[in-house]
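One file, start_32.cif, carrying mmCIF, C-alpha atoms:
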data_model
loop_
_atom_site.label_atom_id
_atom_site.label_comp_id
_atom_site.auth_asym_id
_atom_site.auth_seq_id
_atom_site.Cartn_x
_atom_site.Cartn_y
_atom_site.Cartn_z
CA MET N 3 -36.28 -39.63 -11.58
CA GLU N 4 -35.64 -40.04 -15.29
CA GLU N 5 -32.04 -40.65 -16.29
CA ASN N 6 -31.91 -37.51 -18.46
CA ALA N 7 -33.21 -35.30 -15.65
CA LYS N 8 -30.79 -36.87 -13.17
CA ALA N 9 -27.89 -36.30 -15.54
CA GLU N 10 -28.90 -32.67 -16.00
CA ILE N 11 -29.01 -32.10 -12.22
CA GLU N 12 -25.64 -33.79 -11.76
CA ALA N 13 -24.15 -31.64 -14.50
CA LEU N 14 -25.65 -28.53 -12.91
CA GLN N 15 -24.28 -29.50 -9.49
CA LYS N 16 -20.84 -30.08 -10.97
CA SER N 17 -20.90 -26.61 -12.51
CA LEU N 18 -21.92 -24.98 -9.21
CA PHE N 19 -19.74 -26.87 -6.75
CA GLY N 20 -16.19 -25.86 -6.03
CA ASP N 21 -13.62 -27.96 -4.23
CA VAL N 22 -14.68 -30.35 -1.49
CA ALA N 23 -15.03 -28.47 1.81
CA LYS N 24 -12.48 -30.32 3.87
CA GLY N 25 -10.34 -29.21 6.78
CA LEU N 26 -6.85 -30.33 7.71
CA PRO N 27 -6.57 -31.91 11.19
CA LEU N 28 -3.76 -29.85 12.66
CA THR N 29 -0.87 -31.59 14.38
CA GLY N 30 1.43 -28.65 15.10
CA ARG N 31 3.91 -29.84 12.49
CA GLU N 32 2.38 -28.00 9.52
CA GLU N 33 3.97 -25.10 7.70
CA ILE N 34 2.00 -21.85 7.91
CA MET N 35 1.18 -22.15 4.19
CA GLU N 36 -0.62 -25.44 4.87
CA VAL N 37 -2.56 -23.94 7.76
CA LEU N 38 -3.78 -21.07 5.58
CA THR N 39 -4.76 -23.24 2.61
CA LYS N 40 -6.11 -26.31 4.41
CA GLY N 41 -7.08 -25.06 7.85
CA HIS N 42 -9.74 -22.57 6.75
CA PRO N 43 -12.41 -24.63 4.99
CA ALA N 44 -15.40 -22.26 5.19
CA PHE N 45 -17.01 -18.98 6.23
CA GLY N 46 -14.75 -16.09 7.27
CA GLY N 47 -11.80 -18.44 7.31
CA LYS N 48 -12.33 -19.17 3.64
CA LEU N 49 -12.17 -15.45 2.86
CA PHE N 50 -8.94 -15.25 4.88
CA ARG N 51 -7.63 -18.18 2.82
CA LYS N 52 -8.59 -16.52 -0.45
CA ALA N 53 -6.89 -13.26 0.56
CA TYR N 54 -3.68 -15.20 1.17
CA GLN N 55 -4.03 -17.14 -2.07
CA LEU N 56 -4.54 -13.99 -4.15
CA ILE N 57 -1.68 -12.10 -2.49
CA ARG N 58 0.53 -15.14 -2.99
CA LYS N 59 -0.51 -15.34 -6.64
CA ALA N 60 0.26 -11.65 -7.15
CA ILE N 61 3.77 -12.20 -5.79
CA ALA N 62 4.46 -15.62 -7.32
CA ASP N 63 3.21 -14.58 -10.77
CA ASN N 64 5.20 -11.32 -10.69
CA TYR N 65 2.34 -8.81 -10.64
CA THR N 66 3.14 -5.18 -9.91
CA LEU N 67 1.63 -4.71 -6.45
CA PHE N 68 0.23 -1.48 -5.02
CA VAL N 69 -0.94 -1.15 -1.41
CA SER N 70 -3.09 1.30 0.55
CA VAL N 71 -2.95 1.41 4.33
CA ALA N 72 -5.29 3.16 6.75
CA GLY N 73 -4.86 3.55 10.49
CA PRO N 74 -1.79 4.28 12.63
CA ILE N 75 0.48 1.67 11.07
CA THR N 76 3.63 3.60 11.98
CA ALA N 77 2.62 4.72 15.47
CA SER N 78 1.85 1.10 16.37
CA ASP N 79 5.06 -0.17 14.69
CA TYR N 80 2.92 -2.48 12.57
CA ALA N 81 4.70 -1.19 9.46
CA ARG N 82 7.90 -2.88 10.61
CA VAL N 83 6.08 -6.19 11.03
CA TRP N 84 5.18 -6.79 7.38
CA MET N 85 5.08 -3.68 5.22
CA ILE N 86 8.75 -2.79 5.50
CA PRO N 87 9.84 -6.41 4.81
CA PHE N 88 7.56 -6.44 1.75
CA ILE N 89 9.19 -3.25 0.47
CA GLU N 90 12.68 -4.64 1.07
CA LYS N 91 11.82 -7.81 -0.85
CA GLY N 92 10.50 -5.81 -3.82
CA TYR N 93 6.88 -6.91 -3.36
CA ILE N 94 5.39 -3.42 -2.91
CA SER N 95 6.04 -1.13 -5.88
CA ALA N 96 4.11 1.88 -4.53
CA PHE N 97 1.79 2.60 -1.64
CA VAL N 98 -0.77 5.14 -0.48
CA ALA N 99 -0.95 6.34 3.12
CA SER N 100 -2.11 9.36 5.09
CA ASP N 101 0.01 12.31 6.12
CA ALA N 102 -0.59 11.23 9.73
CA ILE N 103 1.21 7.95 8.97
CA SER N 104 4.18 9.99 7.71
CA TYR N 105 4.18 12.14 10.84
CA HIS N 106 4.07 9.24 13.30
CA ASP N 107 6.82 7.54 11.30
CA ALA N 108 9.24 10.25 12.45
CA HIS N 109 8.82 9.79 16.22
CA ASP N 110 11.42 7.05 16.73
CA ALA N 111 14.11 8.88 14.78
CA VAL N 112 13.41 12.19 16.54
CA GLU N 113 13.50 10.61 20.01
CA GLY N 114 16.41 8.30 19.23
CA LYS N 115 14.43 5.40 20.64
CA ARG N 116 10.90 4.05 20.71
CA LYS N 117 8.63 5.92 23.13
CA MET N 118 5.34 4.25 22.19
CA PHE N 119 3.77 2.14 24.93
CA ASP N 120 0.82 -0.16 25.53
CA VAL N 121 -2.08 1.54 27.30
CA ASP N 122 -5.49 0.34 28.45
CA LEU N 123 -8.03 0.52 25.62
CA TYR N 124 -10.70 1.20 28.25
CA GLY N 125 -8.57 3.46 30.43
CA ASP N 126 -9.42 6.88 31.85
CA ASP N 127 -8.71 9.45 29.14
CA GLY N 128 -8.96 12.25 31.70
CA ALA N 129 -6.10 10.59 33.58
CA TYR N 130 -4.15 10.26 30.34
CA ARG N 131 -4.68 13.98 29.71
CA ASP N 132 -3.46 14.86 33.20
CA ALA N 133 -0.37 12.70 32.63
CA GLN N 134 0.25 14.32 29.23
CA ILE N 135 -0.20 10.98 27.47
CA ILE N 136 -1.54 10.90 23.92
CA ARG N 137 -3.61 7.76 23.25
CA ILE N 138 -4.17 6.07 19.90
CA THR N 139 -6.54 3.21 20.66
CA ASP N 140 -4.37 0.97 22.87
CA ILE N 141 -0.96 2.59 22.41
CA GLY N 142 0.19 5.80 24.03
CA PHE N 143 3.15 8.15 24.17
CA PRO N 144 4.28 11.31 26.01
CA GLU N 145 2.85 14.49 24.55
CA GLU N 146 6.36 15.93 24.27
CA VAL N 147 6.98 13.50 21.40
CA LEU N 148 4.57 15.57 19.30
CA PHE N 149 6.32 18.85 20.05
CA ASN N 150 9.75 17.35 19.37
CA THR N 151 8.53 15.92 16.06
CA ASP N 152 6.97 19.27 15.13
CA ARG N 153 10.32 20.99 15.61
CA PHE N 154 12.05 18.39 13.46
CA VAL N 155 9.47 18.63 10.67
CA SER N 156 9.46 22.44 10.72
CA TYR N 157 13.26 22.37 10.47
CA LEU N 158 13.12 19.98 7.51
CA LEU N 159 10.52 22.02 5.65
CA THR N 160 12.87 25.00 5.51
CA LYS N 161 15.40 22.93 3.53
CA PRO N 162 15.94 23.78 -0.15
CA GLU N 163 14.46 20.48 -1.43
CA PHE N 164 11.05 21.49 -0.10
CA GLN N 165 10.92 24.95 -1.70
CA ALA N 166 9.10 23.84 -4.83
CA LYS N 167 5.84 22.42 -6.15
CA LEU N 168 6.09 18.74 -5.22
CA THR N 169 3.97 15.68 -5.73
CA THR N 170 3.06 13.86 -2.55
CA SER N 171 5.54 11.13 -3.51
CA GLU N 172 8.36 13.68 -3.90
CA TYR N 173 7.41 15.30 -0.59
CA ARG N 174 7.55 11.94 1.22
CA TRP N 175 10.71 10.85 -0.56
CA ASN N 176 12.42 13.99 0.78
CA LEU N 177 11.07 13.25 4.27
CA GLY N 178 12.33 9.68 3.93
CA LYS N 179 15.79 10.87 2.90
CA TYR N 180 16.23 12.92 6.07
CA LEU N 181 14.64 10.28 8.29
CA TYR N 182 16.98 7.66 6.83
CA ALA N 183 20.01 9.79 7.74
CA LEU N 184 18.72 10.52 11.24
CA GLU N 185 17.87 6.86 11.90
CA GLU N 186 21.35 5.87 10.75
CA LYS N 187 22.93 8.47 13.02
CA ARG N 188 20.91 7.45 16.07
CA GLY N 189 20.94 3.71 15.50
CA VAL N 190 17.18 3.47 15.12
CA PRO N 191 15.73 0.71 12.87
CA HIS N 192 14.56 2.25 9.63
CA GLY N 193 10.93 3.23 9.46
CA LEU N 194 8.44 3.24 6.61
CA LEU N 195 9.47 6.42 4.77
CA ALA N 196 13.19 5.75 5.19
CA THR N 197 12.72 2.28 3.72
CA ALA N 198 10.62 3.66 0.88
CA PHE N 199 13.41 6.17 0.20
CA LYS N 200 16.09 3.45 0.22
CA TYR N 201 14.18 1.27 -2.26
CA ASP N 202 12.72 4.13 -4.34
CA VAL N 203 9.10 3.21 -3.57
CA PRO N 204 6.66 6.08 -4.26
CA ALA N 205 4.50 6.92 -1.24
CA TYR N 206 1.36 8.85 -2.23
CA CYS N 207 -1.04 10.74 0.00
CA PRO N 208 -4.59 11.62 -1.14
CA SER N 209 -5.20 14.09 1.69
CA PRO N 210 -1.89 15.85 2.29
CA ALA N 211 -3.34 18.20 4.92
CA ASP N 212 -4.71 15.52 7.25
CA GLY N 213 -1.59 15.13 9.41
CA SER N 214 0.89 17.22 11.28
CA THR N 215 3.72 17.23 8.75
CA PHE N 216 1.55 19.54 6.66
CA LEU N 217 0.30 21.43 9.73
CA ASN N 218 3.92 22.45 10.18
CA ALA N 219 4.01 23.55 6.55
CA MET N 220 0.96 25.67 7.33
CA LYS N 221 2.85 27.25 10.24
CA LEU N 222 5.72 28.30 7.98
CA TRP N 223 3.26 29.69 5.42
CA VAL N 224 1.51 31.75 8.10
CA MET N 225 4.78 33.08 9.50
CA GLN N 226 5.99 34.19 6.06
CA ASN N 227 2.83 35.18 4.20
CA ARG N 228 0.59 36.48 6.99
CA LEU N 229 3.03 37.74 9.61
CA GLY N 230 5.93 38.96 7.47
CA GLU N 231 8.68 36.62 8.71
CA LYS N 232 11.76 36.68 6.47
CA PHE N 233 13.31 33.24 6.11
CA GLU N 234 16.85 32.82 4.85
CA THR N 235 15.37 30.72 2.04
CA PRO N 236 11.83 31.85 1.16
CA PHE N 237 9.21 29.21 1.93
CA ARG N 238 7.70 28.05 -1.37
CA LEU N 239 6.38 24.54 -0.69
CA GLU N 240 3.22 23.62 -2.60
CA ILE N 241 1.62 20.27 -3.31
CA ASP N 242 1.14 19.83 -7.05
CA LEU N 243 -2.07 17.83 -6.98
CA ALA N 244 -2.63 17.56 -10.74
CA ARG N 245 0.91 16.29 -11.36
CA ASP N 246 0.59 14.04 -8.34
CA VAL N 247 -2.45 12.22 -9.71
CA TYR N 248 -0.98 12.07 -13.21
CA GLU N 249 2.27 10.68 -11.84
CA CYS N 250 0.38 7.92 -10.04
CA CYS N 251 -1.54 7.16 -13.25
CA ALA N 252 1.79 6.93 -15.05
CA MET N 253 3.09 4.47 -12.44
CA HIS N 254 0.12 2.23 -13.25
CA TYR N 255 0.59 2.59 -16.99
CA TRP N 256 4.32 1.82 -16.67
CA GLY N 257 3.53 -1.29 -14.65
CA GLN N 258 1.06 -2.47 -17.28
CA HIS N 259 3.68 -2.26 -20.01
CA LEU N 260 7.18 -2.69 -18.59
CA ILE N 261 7.25 -4.53 -15.25
CA GLY N 262 6.97 -8.20 -14.34
CA ASN N 263 4.05 -9.95 -15.99
CA LYS N 264 2.53 -6.56 -16.99
CA GLU N 265 -0.47 -7.05 -14.71
CA LEU N 266 -1.47 -5.03 -11.65
CA ALA N 267 -2.65 -6.17 -8.22
CA TYR N 268 -3.59 -4.32 -5.07
CA ILE N 269 -4.07 -4.83 -1.36
CA VAL N 270 -6.41 -2.46 0.49
CA CYS N 271 -5.78 -2.41 4.23
CA GLY N 272 -8.71 -0.61 5.81
CA GLY N 273 -10.46 1.96 3.64
CA GLY N 274 -10.90 5.71 3.41
CA ALA N 275 -9.35 8.17 0.98
CA VAL N 276 -6.19 6.09 0.60
CA LYS N 277 -8.28 3.27 -0.88
CA ASN N 278 -9.96 5.57 -3.38
CA TYR N 279 -6.64 7.08 -4.45
CA LEU N 280 -5.21 3.61 -5.00
CA LEU N 281 -8.09 2.68 -7.29
CA GLN N 282 -8.59 5.89 -9.25
CA PRO N 283 -5.74 5.73 -11.83
CA GLU N 284 -7.61 3.32 -14.08
CA PRO N 285 -10.80 5.42 -14.49
CA ALA N 286 -8.59 8.52 -14.60
CA ILE N 287 -6.76 7.13 -17.62
CA GLU N 288 -9.80 5.79 -19.47
CA GLN N 289 -12.69 7.97 -18.30
CA ILE N 290 -10.91 11.31 -17.98
CA LEU N 291 -7.91 11.02 -20.31
CA LEU N 292 -9.90 8.87 -22.79
CA THR N 293 -6.94 6.52 -23.24
CA PRO N 294 -7.48 2.75 -23.34
CA SER N 295 -5.73 0.98 -20.50
CA LYS N 296 -5.69 -2.32 -18.71
CA LYS N 297 -6.94 -2.41 -15.14
CA TYR N 298 -6.20 -4.21 -11.90
CA GLN N 299 -6.40 -7.98 -12.31
CA ILE N 300 -6.22 -8.89 -8.61
CA GLY N 301 -7.90 -6.99 -5.77
CA VAL N 302 -7.70 -7.91 -2.08
CA GLN N 303 -9.46 -5.86 0.56
CA MET N 304 -9.63 -6.18 4.34
CA THR N 305 -12.11 -3.85 6.01
CA THR N 306 -14.37 -3.73 9.06
CA ALA N 307 -16.90 -1.47 7.30
CA PRO N 308 -20.12 -3.33 6.36
CA VAL N 309 -20.85 -3.30 2.64
CA THR N 310 -24.46 -2.26 3.31
CA ASP N 311 -23.45 1.18 4.59
CA GLY N 312 -22.62 2.25 1.04
CA SER N 313 -19.38 3.90 2.09
CA LEU N 314 -16.11 4.25 0.26
CA SER N 315 -14.44 2.00 2.82
CA SER N 316 -16.96 -0.80 2.56
CA CYS N 317 -17.56 -1.39 -1.15
CA TRP N 318 -16.22 -4.69 -2.43
CA PRO N 319 -13.52 -4.88 -5.10
CA SER N 320 -16.12 -6.50 -7.37
CA GLU N 321 -18.15 -3.27 -7.21
CA ALA N 322 -15.12 -1.42 -8.53
CA ILE N 323 -15.40 -3.48 -11.73
CA SER N 324 -18.50 -1.44 -12.58
CA TRP N 325 -16.38 1.72 -12.29
CA GLY N 326 -13.71 0.37 -14.62
CA LYS N 327 -11.13 0.08 -11.86
CA LEU N 328 -10.66 -3.68 -12.25
CA GLN N 329 -10.83 -5.99 -15.24
CA LYS N 330 -14.13 -7.81 -15.71
CA GLU N 331 -12.46 -11.14 -15.03
CA ALA N 332 -10.49 -9.82 -12.04
CA LEU N 333 -9.83 -12.09 -9.08
CA THR N 334 -11.11 -10.36 -5.95
CA VAL N 335 -11.97 -10.86 -2.30
CA SER N 336 -13.22 -8.60 0.47
CA VAL N 337 -12.61 -9.87 3.99
CA PRO N 338 -14.78 -8.34 6.76
CA ALA N 339 -11.92 -8.13 9.24
CA ASP N 340 -9.29 -5.82 10.70
CA TYR N 341 -6.20 -6.14 8.53
CA THR N 342 -3.98 -6.02 11.62
CA MET N 343 -5.39 -9.45 12.48
CA MET N 344 -4.46 -10.92 9.12
CA MET N 345 -1.48 -9.39 7.37
CA SER N 346 1.16 -10.61 9.81
CA VAL N 347 0.11 -14.20 9.21
CA ILE N 348 -0.18 -13.77 5.44
CA ALA N 349 3.18 -11.99 5.26
CA HIS N 350 4.82 -14.72 7.33
CA ALA N 351 3.58 -17.36 4.90
CA ILE N 352 4.82 -15.36 1.90
CA LEU N 353 8.23 -14.72 3.45
CA LYS N 354 8.49 -18.34 4.60
CA GLU N 355 8.07 -19.49 1.01
CA ARG N 356 10.66 -16.98 -0.12
CA VAL N 357 13.14 -18.48 2.35
CA ILE N 358 12.53 -21.91 0.80
CA TYR N 359 13.51 -20.56 -2.64
CA GLU N 360 16.50 -18.70 -1.19
CA ASN N 361 17.74 -21.92 0.37
CA LEU N 362 17.21 -23.86 -2.86
CA LEU N 363 19.16 -21.20 -4.76
CA LYS N 364 22.11 -21.48 -2.38
CA THR N 365 22.18 -25.28 -2.12
CA GLU N 366 20.66 -27.25 -4.98
CA PHE N 367 21.16 -24.58 -7.67
CA LYS N 368 24.52 -23.16 -6.51
CA GLY N 369 23.43 -19.55 -7.04
CA ASP N 370 22.15 -20.10 -10.60
CA LYS N 371 18.89 -18.14 -10.65
CA GLU N 372 17.96 -19.07 -14.20
CA LYS N 373 18.07 -22.78 -13.41
CA LEU N 374 16.01 -22.20 -10.27
CA PHE N 375 13.44 -20.16 -12.21
CA ALA N 376 13.21 -22.88 -14.86
CA ALA N 377 12.63 -25.57 -12.24
CA TYR N 378 10.35 -23.47 -10.03
CA PRO N 379 8.75 -20.70 -12.14
CA GLU N 380 7.02 -19.13 -9.14
CA SER N 381 10.39 -18.52 -7.48
CA LYS N 382 11.04 -15.68 -9.92
CA GLY N 383 8.21 -13.66 -8.42
CA PHE N 384 9.25 -14.47 -4.86
CA LEU N 385 12.88 -13.50 -5.55
CA ARG N 386 12.10 -10.43 -7.66
CA GLU N 387 14.17 -7.27 -7.57
CA PRO N 388 12.61 -3.99 -6.37
CA SER N 389 11.05 -2.10 -9.29
CA ARG N 390 12.27 1.29 -7.95
CA LEU N 391 9.37 3.19 -9.49
CA PHE N 392 10.25 6.51 -7.85
CA GLN N 393 13.26 6.85 -10.15
CA LYS N 394 11.08 6.10 -13.18
CA ARG N 395 8.51 8.84 -12.62
CA GLU N 396 9.51 11.09 -15.51
CA GLU N 397 9.96 8.20 -17.95
CA ALA N 398 6.58 6.84 -16.93
CA MET N 399 4.86 10.19 -17.48
CA VAL N 400 6.47 10.53 -20.91
CA LEU N 401 5.19 7.05 -21.80
CA LEU N 402 1.70 8.02 -20.73
CA ASP N 403 2.02 11.40 -22.50
CA ARG N 404 2.52 9.56 -25.79
CA ALA N 405 -0.53 7.38 -25.26
CA VAL N 406 -2.75 10.29 -24.21
CA ALA N 407 -1.51 12.48 -27.10
CA GLU N 408 -3.08 10.02 -29.53
CA HIS N 409 -6.48 11.03 -28.15
CA MET N 410 -6.12 14.82 -28.18
CA ASP N 411 -9.05 15.31 -30.57
CA GLU N 412 -11.31 13.40 -28.19
CA LEU N 413 -9.95 15.35 -25.24
CA ARG N 414 -10.63 18.65 -26.98
CA GLU N 415 -14.15 17.51 -27.79
CA SER N 416 -14.69 16.63 -24.12
CA LEU N 417 -14.33 20.34 -23.26
CA ASN N 418 -17.51 21.21 -25.12
CA PHE N 419 -20.84 21.34 -23.31
CA GLU N 420 -24.13 22.54 -24.68
#

Target format structure tokens, applied to this file:
Amino acid sequence: MEENAKAEIEALQKSLFGDVAKGLPLTGREEIMEVLTKGHPAFGGKLFRKAYQLIRKAIADNYTLFVSVAGPITASDYARVWMIPFIEKGYISAFVASDAISYHDAHDAVEGKRKMFDVDLYGDDGAYRDAQIIRITDIGFPEEVLFNTDRFVSYLLTKPEFQAKLTTSEYRWNLGKYLYALEEKRGVPHGLLATAFKYDVPAYCPSPADGSTFLNAMKLWVMQNRLGEKFETPFRLEIDLARDVYECCAMHYWGQHLIGNKELAYIVCGGGAVKNYLLQPEPAIEQILLTPSKKYQIGVQMTTAPVTDGSLSSCWPSEAISWGKLQKEALTVSVPADYTMMMSVIAHAILKERVIYENLLKTEFKGDKEKLFAAYPESKGFLREPSRLFQKREEAMVLLDRAVAEHMDELRESLNFE
């Protein structure tokens, strides 16, 4: 082979190769961070590694992080494993979840203890029905838990705070406020909505009628508006969908201008409508409101849906670039796996690194954060303060109002169709 041709091939190889594929021989003495970065050299393990690396980067580099979660994360208590700690540490600025997740979040507080149990995934559902056991995959609980929770939710929805047009974040913040008080009273560890309330984390819901908190709202509506029941305080709850979506857009716009490194990242756990809601603010701002805006810079997805089925749940984050939901140069990964198999390990590694910086702050740096941040820049992201976006909703919408107002002529023109 001629020298020039050989040099060209070597140059081409260099441009196409990444790092050397090399695994770490495990000894049992490694930190979890080493296992994730050096113990997954290829294939699905490499995607797992990349998911960890991108989530770590989002936290270390002080991105504003949004999360969507599908599946019964509260019924299974999986929310307490990693999502609640991430909220407490300020890592999650807002999240999207179903109404069913909100409903199941109330069970422990209502019962005063946890009444969710392991059941056989392949058990006899007829026998479960006879025993009045409700099954969610491989966890189960007495049917009475549903009826008790219904009574609690119906009671809450008659309270004055709910007699208004509310965004889904306001609706869940109110639920969280009452759940927080009940959990405190009964000595129950705080659940997802109570923690979101405590740290002012907006919790959005793209399909507010898909769970039983809103089924109880329907009951009150029927009693008053169809059957003539006279409540002491008239029932006036409505979900303000337009304001809800605009508020979420404003949260994104605020994050792009006033929080952390002014970049956005997301984690999609599962798929479904919650995923779409998480990703729609960017095209909503640019495509619909005709207002230039930055987009997500980091996107991590974990889903069991195959990309070839063309579904909402399965499409890769890179596909969302074509929709204007992520920046062209965004860092993305889609892992074909159940997120419940991954996020506990990833969260442990993140929180383990946080502990290292906490210990350094106490010992070597004597509580001086600025000196720690100067010596270890990534520690600033790990030791961040909660952004408390729920309390910034109105300010954020005013900020977005000003940006959108500059494009009113274009918006008016968009109403014409010939």

Counting only C-alpha atoms, the residue among N:Tyr359, N:Phe68, N:Trp256, N:Tyr279 that lies closest to N:Arg395 is N:Trp256

Counting only C-alpha atoms, the residue among N:Leu281, N:Ala166, N:Cys251, N:Ile348 that lies closest to N:Thr235 is N:Ala166

- With the file shown as input, list the residues that the PyMOL selection byres ((chain N and resi 302) around 7) selects, as an MDAnalysis selection string. chainID N and resid 53 268:270 300:301 303:304 334:336

Using the chain letters and numbering of this document, enumerate as a PDB file with C-alpha atoms, keeping the file's coordinate frame the residues selected by the PyMOL selection byres ((chain N and resi 184-187) around 10).
ATOM      1  CA  ALA N 108       9.240  10.250  12.450  1.00  0.00           C
ATOM      2  CA  ASP N 110      11.420   7.050  16.730  1.00  0.00           C
ATOM      3  CA  ALA N 111      14.110   8.880  14.780  1.00  0.00           C
ATOM      4  CA  VAL N 112      13.410  12.190  16.540  1.00  0.00           C
ATOM      5  CA  GLU N 113      13.500  10.610  20.010  1.00  0.00           C
ATOM      6  CA  GLY N 114      16.410   8.300  19.230  1.00  0.00           C
ATOM      7  CA  LYS N 115      14.430   5.400  20.640  1.00  0.00           C
ATOM      8  CA  GLY N 178      12.330   9.680   3.930  1.00  0.00           C
ATOM      9  CA  LYS N 179      15.790  10.870   2.900  1.00  0.00           C
ATOM     10  CA  TYR N 180      16.230  12.920   6.070  1.00  0.00           C
ATOM     11  CA  LEU N 181      14.640  10.280   8.290  1.00  0.00           C
ATOM     12  CA  TYR N 182      16.980   7.660   6.830  1.00  0.00           C
ATOM     13  CA  ALA N 183      20.010   9.790   7.740  1.00  0.00           C
ATOM     14  CA  ARG N 188      20.910   7.450  16.070  1.00  0.00           C
ATOM     15  CA  GLY N 189      20.940   3.710  15.500  1.00  0.00           C
ATOM     16  CA  VAL N 190      17.180   3.470  15.120  1.00  0.00           C
ATOM     17  CA  PRO N 191      15.730   0.710  12.870  1.00  0.00           C
ATOM     18  CA  HIS N 192      14.560   2.250   9.630  1.00  0.00           C
ATOM     19  CA  GLY N 193      10.930   3.230   9.460  1.00  0.00           C
ATOM     20  CA  ALA N 196      13.190   5.750   5.190  1.00  0.00           C
TER      21      ALA N 196
END

Do you have the atom CA of N:Gln299-atom CA of N:Ala332 distance handy?
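Calculated distance between atom CA of N:Gln299 and atom CA of N:Ala332 is 4.5 Å.
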
Sel. within 8 Å of pt (10.5, 25.4, -0.1), counting only C-alpha atoms, output as a ChimeraX atom specification: /N:159-166,235-240

(Q) With all atoms listed in the file as the counted atoms, please give the residues lying no more than 12 Å from stretch 401-412 of chain N, apart from itself and same-chain residues fewer than 4 positions off, as a PyMOL selection string. (A) chain N and resi 248-260+283+286-295+394-397+416-418

Name the residues captured by the PyMOL selection byres ((chain N and resi 309) around 12) when it is applied to the shown file; answer as a list in words. Gly273, Gln303, Met304, Thr305, Thr306, Ala307, Pro308, Thr310, Asp311, Gly312, Ser313, Leu314, Ser315, Ser316, Cys317, Trp318, Pro319, Ser320, Glu321, Ser336, Val337 and Pro338 of chain N

(message) I need the residue nearest N:Pro43 from this list: N:Leu362, N:Leu56, N:Leu280, N:Val22. Use all atoms listed in the file for the distance.
(response)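 Using all atoms listed in the file, the shortest distance to N:Pro43 belongs to N:Val22.
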
Atom CA of N:Met345 and atom CA of N:Thr39, how far apart in Å?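 Atom-to-atom, atom CA of N:Thr39 to atom CA of N:Met345, that is 15.0 Å.
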
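As for atom CA of N:Val98 and atom CA of N:Ser70, they are spaced 4.6 Å apart.
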
Selection: 10 Å around N:Val155, all atoms listed in the file, excl. self and same-chain fewer than 6 positions, as JSON, numbers by chain: {"N": [105, 108, 112, 149, 177, 180, 214, 215, 216, 217, 218, 219]}

task = Could you check which of N:Phe233, N:Val37, N:Lys91, N:Met399 is closest to N:Val357, using only C-alpha atoms?
result =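 So, comparing all the options, the nearest one is N:Lys91.
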
Who sits within 10 Å of N:Ala351, only C-alpha atoms, same chain under 5 positions skipped, as a short mmCIF file (atom, residue, chain, number, x, y, z; two decimals) with C-alpha atoms, in the coordinates of the input:
data_model
loop_
_atom_site.label_atom_id
_atom_site.label_comp_id
_atom_site.auth_asym_id
_atom_site.auth_seq_id
_atom_site.Cartn_x
_atom_site.Cartn_y
_atom_site.Cartn_z
CA GLU N 33 3.97 -25.10 7.70
CA ILE N 34 2.00 -21.85 7.91
CA MET N 35 1.18 -22.15 4.19
CA GLU N 36 -0.62 -25.44 4.87
CA VAL N 37 -2.56 -23.94 7.76
CA LEU N 38 -3.78 -21.07 5.58
CA TYR N 54 -3.68 -15.20 1.17
CA ARG N 58 0.53 -15.14 -2.99
CA MET N 345 -1.48 -9.39 7.37
CA SER N 346 1.16 -10.61 9.81
CA ARG N 356 10.66 -16.98 -0.12
CA VAL N 357 13.14 -18.48 2.35
#

query: Restricting the calculation to only C-alpha atoms, which member of N:Phe88, N:Tyr93, N:Tyr80, N:Tyr65 is positioned closest to N:His106?
result: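 Under the stated criterion, the closest residue is N:Tyr80.
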
Where's the centre, and what are the edge lengths in Å to one decimal, of a box along x, y and z enclosing all listed atoms of stretch 263-267 of chain N padded 3 Å per side, as JSON?
{"center_x": 0.7, "center_y": -7.5, "center_z": -12.6, "size_x": 12.7, "size_y": 10.9, "size_z": 14.8}

Min atom-atom distance to N:Ile75 from the set N:Asp63, N:Gly128, N:Lys277, N:Thr342, counting all atoms listed in the file, belongs to N:Thr342
